[in-house]
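Visitor: Handing over input_27.txt, compact mmCIF, C-alpha atoms.
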# COMPACT_ATOMS: atom_id res chain seq x y z
CA MET A 1 -29.65 -58.44 51.45
CA ALA A 2 -25.90 -58.24 52.03
CA SER A 3 -25.42 -56.69 48.62
CA ASP A 4 -27.95 -53.96 49.44
CA GLU A 5 -26.09 -53.08 52.64
CA ARG A 6 -22.75 -52.85 50.79
CA LEU A 7 -24.34 -50.59 48.16
CA ALA A 8 -25.78 -48.32 50.84
CA ARG A 9 -22.42 -48.02 52.60
CA PHE A 10 -20.75 -47.20 49.27
CA ARG A 11 -23.22 -44.44 48.58
CA GLN A 12 -22.80 -43.05 52.08
CA ALA A 13 -19.00 -42.92 51.67
CA HIS A 14 -19.19 -41.18 48.26
CA LEU A 15 -21.78 -38.49 48.83
CA ASN A 16 -22.06 -35.71 46.24
CA PRO A 17 -20.64 -32.54 47.83
CA PHE A 18 -23.20 -30.40 45.97
CA ASN A 19 -26.11 -32.22 47.66
CA LYS A 20 -26.88 -30.07 50.70
CA THR A 21 -28.95 -32.46 52.83
CA PRO A 22 -29.17 -32.48 56.57
CA GLU A 23 -27.27 -35.21 58.37
CA GLN A 24 -29.39 -38.35 58.86
CA PRO A 25 -29.65 -39.94 62.28
CA GLU A 26 -27.92 -43.21 62.76
CA ARG A 27 -30.07 -46.30 62.23
CA PRO A 28 -30.16 -49.14 64.73
CA ASN A 29 -28.05 -52.12 63.91
CA GLY A 30 -29.47 -54.28 61.24
CA GLU A 31 -31.35 -51.45 59.53
CA SER A 32 -30.09 -50.15 56.27
CA PRO A 33 -29.95 -46.37 55.88
CA VAL A 34 -32.48 -44.97 53.53
CA PRO A 35 -30.81 -42.82 50.86
CA ALA A 36 -31.83 -39.23 50.97
CA GLN A 37 -34.13 -38.11 48.26
CA GLN A 38 -32.96 -35.12 46.22
CA PRO A 39 -35.44 -32.27 46.13
CA ASP A 40 -36.79 -31.41 42.76
CA PRO A 41 -35.44 -28.14 41.46
CA THR A 42 -38.08 -25.50 41.58
CA PRO A 43 -38.33 -22.78 39.00
CA GLY A 44 -36.38 -19.70 40.04
CA ASP A 45 -34.22 -21.63 42.54
CA PRO A 46 -30.59 -20.65 41.73
CA GLU A 47 -29.07 -23.59 43.63
CA GLY A 48 -31.27 -26.11 41.87
CA ALA A 49 -30.16 -24.91 38.47
CA LEU A 50 -26.42 -25.23 39.14
CA ASP A 51 -26.14 -28.46 37.17
CA LEU A 52 -27.43 -26.79 34.00
CA GLY A 53 -25.51 -23.55 34.51
CA LEU A 54 -28.70 -21.52 34.42
CA ALA A 55 -28.15 -19.82 37.75
CA GLU A 56 -25.22 -17.74 36.49
CA ASP A 57 -26.06 -14.15 35.57
CA HIS A 58 -24.12 -13.66 32.36
CA PHE A 59 -25.20 -10.00 32.18
CA SER A 60 -24.20 -9.05 35.71
CA ARG A 61 -21.94 -6.00 36.21
CA PRO A 62 -18.32 -6.40 37.28
CA VAL A 63 -17.65 -6.32 40.97
CA GLY A 64 -15.60 -3.13 40.87
CA LEU A 65 -18.16 -1.23 38.77
CA ILE A 66 -19.90 1.38 40.89
CA LEU A 67 -22.64 3.35 39.20
CA ALA A 68 -23.47 5.54 42.19
CA SER A 69 -21.85 8.97 41.92
CA ASP A 70 -22.96 10.81 45.06
CA VAL A 71 -23.37 10.09 48.76
CA PRO A 72 -27.16 9.42 48.81
CA GLN A 73 -26.94 6.96 45.93
CA LEU A 74 -24.04 5.17 47.58
CA ARG A 75 -25.93 4.82 50.85
CA ARG A 76 -28.95 3.34 49.06
CA ALA A 77 -26.65 0.97 47.17
CA ILE A 78 -25.06 -0.16 50.45
CA GLU A 79 -28.43 -0.94 52.04
CA GLU A 80 -29.53 -2.85 48.95
CA CYS A 81 -26.27 -4.81 48.95
CA LYS A 82 -26.80 -5.75 52.60
CA ARG A 83 -30.25 -7.16 51.85
CA VAL A 84 -28.86 -9.16 48.94
CA ILE A 85 -26.13 -10.64 51.16
CA LEU A 86 -28.64 -11.78 53.76
CA ALA A 87 -30.91 -13.30 51.10
CA LEU A 88 -28.17 -15.35 49.42
CA PRO A 89 -27.09 -18.76 50.76
CA GLU A 90 -24.19 -18.72 53.14
CA HIS A 91 -20.69 -19.40 51.85
CA SER A 92 -21.86 -19.24 48.24
CA GLU A 93 -19.83 -17.55 45.51
CA ARG A 94 -22.55 -15.02 44.86
CA GLN A 95 -22.59 -14.05 48.53
CA LYS A 96 -18.81 -13.57 48.47
CA ASP A 97 -19.09 -11.34 45.39
CA ALA A 98 -21.79 -9.31 47.10
CA VAL A 99 -19.56 -8.85 50.19
CA VAL A 100 -16.70 -7.60 47.97
CA ARG A 101 -19.10 -5.19 46.30
CA LEU A 102 -20.23 -3.93 49.71
CA ILE A 103 -16.61 -3.24 50.67
CA HIS A 104 -16.08 -1.25 47.45
CA LEU A 105 -19.21 0.77 48.08
CA ARG A 106 -18.17 1.63 51.62
CA LEU A 107 -14.70 2.72 50.45
CA LYS A 108 -16.28 4.87 47.76
CA LEU A 109 -18.58 6.43 50.33
CA GLN A 110 -15.62 7.18 52.57
CA GLU A 111 -13.85 8.96 49.69
CA LEU A 112 -16.85 11.09 48.77
CA LYS A 113 -17.94 11.86 52.28
CA ASP A 114 -17.60 15.57 52.98
CA PRO A 115 -14.91 16.44 55.51
CA GLY A 116 -16.28 17.22 58.91
CA GLU A 117 -15.39 19.95 61.36
CA ASP A 118 -12.48 17.88 62.61
CA GLU A 119 -10.90 18.02 59.11
CA PRO A 120 -10.90 21.72 58.13
CA ASN A 121 -7.90 21.37 55.80
CA ILE A 122 -9.61 18.92 53.44
CA ARG A 123 -11.38 20.05 50.29
CA VAL A 124 -13.41 17.78 48.00
CA VAL A 125 -13.33 18.79 44.32
CA LEU A 126 -14.78 16.54 41.63
CA GLU A 127 -14.56 13.47 43.88
CA HIS A 128 -10.91 14.28 44.79
CA ARG A 129 -9.92 14.83 48.42
CA PHE A 130 -7.30 17.60 48.59
CA TYR A 131 -5.26 18.13 51.72
CA LYS A 132 -4.30 21.76 52.17
CA GLU A 133 -0.61 22.59 52.21
CA LYS A 134 1.08 25.48 54.00
CA SER A 135 2.25 27.32 50.88
CA LYS A 136 -0.51 28.83 48.76
CA SER A 137 -0.35 29.55 45.06
CA VAL A 138 -1.59 32.86 43.66
CA LYS A 139 -4.14 31.46 41.23
CA GLN A 140 -5.57 28.10 40.30
CA MET A 141 -6.99 28.99 36.89
CA CYS A 142 -5.50 29.65 33.48
CA ASP A 143 -4.95 33.39 32.99
CA LYS A 144 -6.07 33.09 29.38
CA CYS A 145 -9.15 30.83 29.27
CA SER A 146 -9.95 30.54 33.04
CA THR A 147 -9.69 26.74 32.97
CA ILE A 148 -8.86 25.13 36.31
CA ILE A 149 -5.20 24.11 36.39
CA TRP A 150 -4.99 20.93 38.43
CA GLY A 151 -1.24 21.29 38.78
CA LEU A 152 -1.67 24.57 40.63
CA ILE A 153 -4.37 23.14 42.84
CA GLN A 154 -2.01 20.30 43.61
CA THR A 155 0.62 22.79 44.80
CA TRP A 156 -2.00 24.28 47.13
CA TYR A 157 -3.89 21.07 47.91
CA THR A 158 -2.25 17.64 47.70
CA CYS A 159 -4.66 15.05 46.32
CA THR A 160 -4.45 11.57 47.78
CA GLY A 161 -5.22 10.05 44.40
CA GLY A 162 -2.72 12.19 42.44
CA VAL A 163 -3.43 14.67 39.65
CA PRO A 164 -1.94 13.98 36.20
CA SER A 165 -2.15 17.51 34.70
CA GLU A 166 0.44 20.26 35.08
CA ALA A 167 0.62 24.05 35.29
CA ARG A 168 2.88 25.82 32.81
CA GLN A 169 4.34 29.26 33.39
CA CYS A 170 4.93 31.71 30.57
CA ASP A 171 8.36 33.30 30.82
CA TYR A 172 7.15 36.42 29.00
CA THR A 173 4.09 37.28 31.10
CA GLY A 174 4.94 35.35 34.27
CA LEU A 175 1.39 33.95 34.36
CA TYR A 176 0.30 30.33 34.63
CA TYR A 177 -1.54 28.55 31.82
CA CYS A 178 -3.11 25.17 31.22
CA SER A 179 -1.73 22.72 28.68
CA SER A 180 -4.31 23.85 26.10
CA CYS A 181 -3.07 27.46 26.20
CA HIS A 182 0.63 26.69 26.74
CA TRP A 183 2.31 24.32 24.29
CA ASN A 184 5.88 24.82 25.57
CA ASP A 185 6.76 27.00 22.58
CA LEU A 186 10.22 28.56 22.70
CA ALA A 187 10.89 32.26 22.03
CA VAL A 188 13.42 34.95 22.92
CA VAL A 189 12.08 37.12 25.74
CA PRO A 190 12.69 40.88 25.11
CA ALA A 191 13.24 41.74 28.79
CA ARG A 192 16.00 39.17 29.15
CA ALA A 193 17.66 40.40 25.95
CA ILE A 194 17.57 44.07 26.95
CA HIS A 195 18.55 43.80 30.60
CA ASN A 196 20.79 40.70 30.60
CA TRP A 197 21.75 40.35 26.92
CA ASP A 198 20.32 36.84 27.22
CA PHE A 199 18.94 35.36 24.00
CA GLU A 200 18.27 31.81 25.14
CA PRO A 201 14.76 30.75 24.02
CA ARG A 202 12.32 30.32 26.87
CA LYS A 203 8.95 28.58 27.15
CA VAL A 204 6.04 30.92 26.47
CA SER A 205 2.29 30.52 26.11
CA ARG A 206 0.45 30.46 22.79
CA CYS A 207 -0.83 34.04 23.06
CA SER A 208 2.65 35.32 24.01
CA MET A 209 4.18 33.36 21.15
CA ARG A 210 1.82 34.97 18.63
CA TYR A 211 2.40 38.44 20.08
CA LEU A 212 6.18 38.09 20.01
CA ALA A 213 6.06 36.78 16.44
CA LEU A 214 3.99 39.83 15.48
CA MET A 215 6.29 42.33 17.22
CA VAL A 216 9.68 40.78 16.53
CA SER A 217 10.44 43.05 13.54
CA ARG A 218 8.80 46.23 14.79
CA PRO A 219 11.13 48.97 16.10
CA VAL A 220 9.56 49.62 19.48
CA LEU A 221 12.61 49.29 21.78
CA LYS A 222 14.33 52.54 22.75
CA LEU A 223 17.47 51.20 24.38
CA ARG A 224 18.75 54.55 25.59
CA GLU A 225 15.72 54.92 27.84
CA ILE A 226 15.18 51.29 28.80
CA ASN A 227 18.80 50.33 29.58
CA PRO A 228 21.38 52.98 28.65
CA LEU A 229 24.18 51.05 30.40
CA LEU A 230 23.89 48.31 27.81
CA PHE A 231 26.09 50.30 25.41
CA ASN A 232 28.90 50.21 27.98
CA TYR A 233 29.07 46.44 27.97
CA VAL A 234 28.13 45.42 24.43
CA GLU A 235 30.64 46.68 21.87
CA GLU A 236 28.54 45.52 18.95
CA LEU A 237 25.79 47.94 19.91
CA VAL A 238 28.22 50.87 19.82
CA GLU A 239 29.38 49.87 16.33
CA ILE A 240 25.81 49.51 15.06
CA ARG A 241 24.86 52.89 16.50
CA LYS A 242 27.81 54.57 14.73
CA LEU A 243 26.89 52.94 11.41
CA ARG A 244 23.28 54.05 11.78
CA GLN A 245 24.33 57.62 12.55
CA ASP A 246 26.52 57.66 9.44
CA ILE A 247 23.66 56.36 7.28
CA LEU A 248 21.42 59.15 8.57
CA LEU A 249 24.11 61.65 7.55
CA MET A 250 24.26 60.07 4.07
CA LYS A 251 20.51 60.21 3.58
CA PRO A 252 20.36 63.93 2.54
CA TYR A 253 22.90 63.22 -0.21
CA PHE A 254 20.74 60.45 -1.68
CA ILE A 255 17.52 62.45 -1.51
CA THR A 256 18.99 65.27 -3.59
CA CYS A 257 20.94 62.99 -5.95
CA LYS A 258 19.21 61.95 -9.15
CA GLU A 259 21.49 58.98 -9.74
CA ALA A 260 20.99 57.68 -6.21
CA MET A 261 17.22 57.93 -6.57
CA GLU A 262 17.33 56.05 -9.87
CA ALA A 263 19.56 53.36 -8.37
CA ARG A 264 17.28 53.21 -5.31
CA LEU A 265 20.16 52.90 -2.94
CA LEU A 266 18.02 53.46 0.13
CA LEU A 267 16.07 50.30 -0.71
CA GLN A 268 19.09 48.38 0.54
CA LEU A 269 17.54 48.95 3.97
CA GLN A 270 13.94 48.23 3.07
CA ASP A 271 13.80 45.40 5.62
CA ARG A 272 14.96 47.82 8.32
CA GLN A 273 13.26 51.06 7.33
CA HIS A 274 13.78 52.55 10.79
CA PHE A 275 17.52 52.66 10.14
CA VAL A 276 17.00 55.59 7.73
CA GLU A 277 14.60 57.37 10.09
CA ASN A 278 16.42 57.43 13.46
CA ASP A 279 19.27 55.82 15.36
CA GLU A 280 17.51 55.14 18.66
CA MET A 281 14.77 52.59 17.97
CA TYR A 282 15.52 48.88 17.72
CA SER A 283 13.44 45.80 17.11
CA LEU A 284 13.87 42.48 18.84
CA GLN A 285 15.08 40.99 15.56
CA ASP A 286 17.79 43.69 15.41
CA LEU A 287 19.08 42.64 18.82
CA ILE A 288 18.99 38.96 17.86
CA ASP A 289 20.97 39.67 14.67
CA ILE A 290 23.45 41.86 16.55
CA GLU A 291 24.13 39.12 19.08
CA ALA A 292 24.53 36.56 16.27
CA GLY A 293 26.90 38.88 14.34
CA ARG A 294 24.73 39.05 11.19
CA LEU A 295 23.61 42.66 11.43
CA GLY A 296 27.11 44.09 11.85
CA CYS A 297 28.37 42.44 8.66
CA SER A 298 25.40 43.37 6.48
CA LEU A 299 25.24 46.96 7.74
CA THR A 300 28.97 47.45 7.15
CA GLU A 301 28.55 46.36 3.52
CA ILE A 302 25.68 48.80 3.00
CA HIS A 303 27.67 51.60 4.66
CA THR A 304 30.59 50.94 2.32
CA LEU A 305 28.29 50.98 -0.73
CA PHE A 306 26.74 54.30 0.30
CA ALA A 307 30.11 55.94 1.04
CA LYS A 308 31.51 54.77 -2.30
CA HIS A 309 28.68 56.43 -4.19
CA ILE A 310 29.08 59.75 -2.39
CA LYS A 311 32.88 60.01 -2.36
CA LEU A 312 33.86 58.26 -5.58
CA ASP A 313 31.05 57.50 -8.02
CA CYS A 314 28.87 60.62 -8.00
CA GLU A 315 30.29 64.08 -8.87
CA ARG A 316 27.22 65.88 -7.54
CA CYS A 317 27.60 64.27 -4.13
CA GLN A 318 31.34 65.01 -4.14
CA ALA A 319 30.61 68.68 -4.77
CA LYS A 320 28.62 68.79 -1.52
CA GLY A 321 31.67 68.01 0.57
CA PHE A 322 33.37 70.39 3.04
CA VAL A 323 36.79 71.90 3.41
CA CYS A 324 38.14 72.42 6.90
CA GLU A 325 37.98 76.20 7.48
CA LEU A 326 40.37 75.99 10.40
CA CYS A 327 43.37 74.58 8.56
CA ARG A 328 42.19 74.73 4.95
CA GLU A 329 44.27 71.66 4.18
CA GLY A 330 43.57 68.06 3.28
CA ASP A 331 40.94 66.36 1.15
CA VAL A 332 37.25 67.05 0.91
CA LEU A 333 35.51 66.17 4.15
CA PHE A 334 32.14 64.55 4.71
CA PRO A 335 30.19 64.41 7.97
CA PHE A 336 30.24 60.62 8.09
CA ASP A 337 34.04 60.38 7.96
CA SER A 338 35.59 58.89 11.07
CA HIS A 339 38.20 61.65 11.54
CA THR A 340 35.81 64.61 11.32
CA SER A 341 33.66 66.63 13.69
CA VAL A 342 30.44 68.40 12.83
CA CYS A 343 29.25 71.70 14.27
CA ALA A 344 25.97 71.18 16.07
CA ASP A 345 24.60 74.62 15.00
CA CYS A 346 25.51 75.00 11.32
CA SER A 347 26.53 71.41 10.40
CA ALA A 348 29.92 72.51 9.13
CA VAL A 349 32.57 69.77 8.96
CA PHE A 350 36.12 70.11 10.34
CA HIS A 351 39.03 67.89 11.11
CA ARG A 352 38.55 66.53 14.56
CA ASP A 353 41.94 67.65 15.79
CA CYS A 354 41.45 71.12 14.35
CA TYR A 355 38.02 71.48 15.87
CA TYR A 356 39.11 70.57 19.41
CA ASP A 357 42.43 72.47 19.24
CA ASN A 358 40.62 75.67 18.23
CA SER A 359 37.82 75.53 20.76
CA THR A 360 36.59 78.97 19.79
CA THR A 361 33.49 79.92 17.91
CA CYS A 362 32.87 78.04 14.68
CA PRO A 363 34.08 80.19 11.74
CA ARG A 364 30.97 79.47 9.75
CA CYS A 365 28.68 80.28 12.68
CA ALA A 366 30.57 83.58 13.22
CA ARG A 367 30.27 84.45 9.54
CA LEU A 368 26.55 83.70 9.50
CA SER A 369 26.05 85.77 12.64
CA LEU A 370 27.82 88.79 11.09
CA ARG A 371 25.72 88.46 7.96
CA LYS A 372 22.51 88.45 9.99
CA GLN A 373 23.62 91.55 11.89
CA SER A 374 24.50 93.40 8.68
CA LEU A 375 21.18 92.50 7.12
CA PHE A 376 19.39 93.72 10.24
CA GLN A 377 21.26 97.02 10.22
CA ASP A 378 20.53 97.52 6.52
CA SER A 379 16.83 96.96 7.12
CA VAL A 380 16.85 99.47 10.00
CA THR A 381 18.70 102.06 7.89
CA GLU A 382 16.27 101.72 5.04
CA GLY A 383 13.37 102.13 7.41
CA GLU A 384 14.56 105.51 8.76
CA PRO A 385 13.12 108.65 7.05
Mind converting the file's structure to structure tokens?
Guide:
Amino acid sequence: MASDERLARFRQAHLNPFNKTPEQPERPNGESPVPAQQPDPTPGDPEGALDLGLAEDHFSRPVGLILASDVPQLRRAIEECKRVILALPEHSERQKDAVVRLIHLRLKLQELKDPGEDEPNIRVVLEHRFYKEKSKSVKQMCDKCSTIIWGLIQTWYTCTGGVPSEARQCDYTGLYYCSSCHWNDLAVVPARAIHNWDFEPRKVSRCSMRYLALMVSRPVLKLREINPLLFNYVEELVEIRKLRQDILLMKPYFITCKEAMEARLLLQLQDRQHFVENDEMYSLQDLIDIEAGRLGCSLTEIHTLFAKHIKLDCERCQAKGFVCELCREGDVLFPFDSHTSVCADCSAVFHRDCYYDNSTTCPRCARLSLRKQSLFQDSVTEGEP
């Protein structure tokens, strides 16, 4: 009998903490406590299956996973979560997980809840809450493909969660583009080159990059009309213009010279065909080469080659030279010589000093005028009966 009492006291002092039995009333002295009988686990009882590990839901979703995507679904999920919490045993792990899930659902609902009348400066876009700033941007979409640029929206509305994308401005068009239409390509901007003589590559969009690559070698820039003051500050442009004017004066010699046509001297400028057509149009590549010093060197070599053919190598071209009719001294003159002046009316060539010292009528123009008058008088005389 004593051994049974000691065994009962031992069991009472070492109760299993997982056995949830109500406290037993104290027995009168001399009566041994009756050990509580464990209830048989019933099928479907999660607490009764703890010892076998069958109560755990191995396919349950993570706590932070929220499948609801709009406000009505979140509200239904919250009500369902409340019912689950009340149905689960108190202080159990599953009840704690359900409470955490309820908190996440309520936070998600607060984020997606439309701003009320008391929050007029809040805008909800794609589950982002944007707070309106004072400064507004012009556009929030790509000017090429009309894709929303989150970086521009962020400058207008500040998102509490942060926006990872960026808006990229094209230095050529001044427009904003998304990262799909603007790859941060670098190119020389024509406006900066013409107005500031600035050839530093700038970031441009993909469409601007393709357009500039297409137009870089086309002579479409008329500097005298766009920025005539540029010739006052860039000495290289003045030198290039003088070389181009000389080449245009040499062109008639080559067209009428058989040897020059056979040698195809004009093909020396086949990459810059506009140089033998006019002296006003420039391409962007011309300006880039002028600033780098490449065009001046190459054009000087071609000018020297052309002048050598006309003045030294070809007798036919030499015979087309001029003699100064004012002083009738010196060597044979050509219109592209640096010390000569050309009459604008008859294209006669004179020494520069002689032409400006004798600022009278050009001798050749006077002679041609007298010849026209004599021919007119002769025709009148022959017409009289």
Visitor: Taking all atoms listed in the file into account, name the residue in A:Val238, A:Ala213, A:Cys314, A:Ile290 that is nearest to Tyr253 of chain A.
Guide: A:Cys314
Visitor: Could you work out how far atom CA of Glu200 of chain A lies from atom CA of Lys222 of chain A, giving the answer in Å with one decimal?
Guide: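 Atom-to-atom, atom CA of Lys222 of chain A and atom CA of Glu200 of chain A are spaced 21.2 Å apart.
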Visitor: Using only C-alpha atoms for the distances, tell me which of A:Asp337, A:Asp353, A:Asp70, A:Glu325 is nearest to Lys108 of chain A.
Guide: A:Asp70
Visitor: One decimal, Å: what's the distance from atom CA of Val188 of chain A over to atom CA of Glu301 of chain A, could you say?
Guide: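 Value for the atom CA of Val188 of chain A-atom CA of Glu301 of chain A distance: 27.1 Å.
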Visitor: Which residues come within 9 Å of segment 326-328 of chain A, counting all atoms listed in the file, excluding same-chain residues fewer than 5 positions away, as an MDAnalysis selection string?
Guide: chainID A and resid 350:351 354:355 358 362:363
Visitor: Using atom CA of Gln169 of chain A and atom CA of Asp289 of chain A as the two end points, give the distance in Å to one decimal.
Guide: 27.1 Å
Visitor: Within 9 Å of Cys365 of chain A, counting only C-alpha atoms, which residues qualify if same-chain residues fewer than 5 places away don't, as a list of chain:residue names?
Guide: A:Cys343, A:Asp345, A:Cys346, A:Ala348, A:Leu370
Visitor: List every residue of segment 264-299 of chain A that has an atom at most 9 Å from any atom of segment 241-244 of chain A, and for each one report the closest atom pair and its distance in Å to one decimal, counting all atoms listed in the file, with rows sorted by chain and then by increasing residue number, as CSV.
Guide:
residue,atom,partner,partner_atom,distance
A:Phe275,CA,A:Arg244,CA,6.1
A:Val276,CA,A:Arg244,CA,7.6
A:Asn278,CA,A:Arg244,CA,7.8
A:Asp279,CA,A:Arg244,CA,5.7
A:Glu280,CA,A:Arg241,CA,8.0
A:Gly296,CA,A:Leu243,CA,8.9
A:Leu299,CA,A:Leu243,CA,7.2
Visitor: Near Leu229 of chain A, counting all atoms listed in the file, which residues have an atom at most 12 Å away, once you skip same-chain residues fewer than 6 positions from it, shown as a ChimeraX atom specification?
Guide: /A:194-197,223,235,237-238
Visitor: Residues within 12 Å of His303 of chain A, please, as a PyMOL selection string. Count all atoms listed in the file; anything in the same chain fewer than 4 positions from it doesn't count.
Guide: chain A and resi 239-240+242-251+265-266+268-269+275-276+295-299+307-310+336-337
Visitor: Which residue out of A:Leu333, A:Leu109, A:Ile288, A:Leu175 has the minimum interatomic distance to Val216 of chain A when all atoms listed in the file are used?
Guide: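 Counting all atoms listed in the file, the residue closest to Val216 of chain A is A:Ile288.
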Visitor: Quick one: residues within 9 Å of Ile85 of chain A, all atoms listed in the file, excluding same-chain residues fewer than 6 positions away - as a list in words?
Guide: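 Close residues of Ile85 of chain A: Arg94, Gln95, Lys96, Ala98 and Val99 of chain A.
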Visitor: Give the answer as one residue: which of A:Ala344, A:Leu230, A:Leu221, A:Cys145 has the shortest atom-to-atom distance to Leu284 of chain A, using all atoms listed in the file?
Guide: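 Of A:Ala344, A:Leu230, A:Leu221, A:Cys145, the one nearest Leu284 of chain A, counting all atoms listed in the file, is A:Leu221.
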Visitor: Build an axis-aligned box that encloses every atom of segment 207-218 of chain A listed in the file, pad it by 5 Å on each side, and report its centre and edge lengths in Å to one decimal, as JSON.
Guide:
{"center_x": 4.8, "center_y": 39.8, "center_z": 18.8, "size_x": 21.3, "size_y": 22.9, "size_z": 20.5}
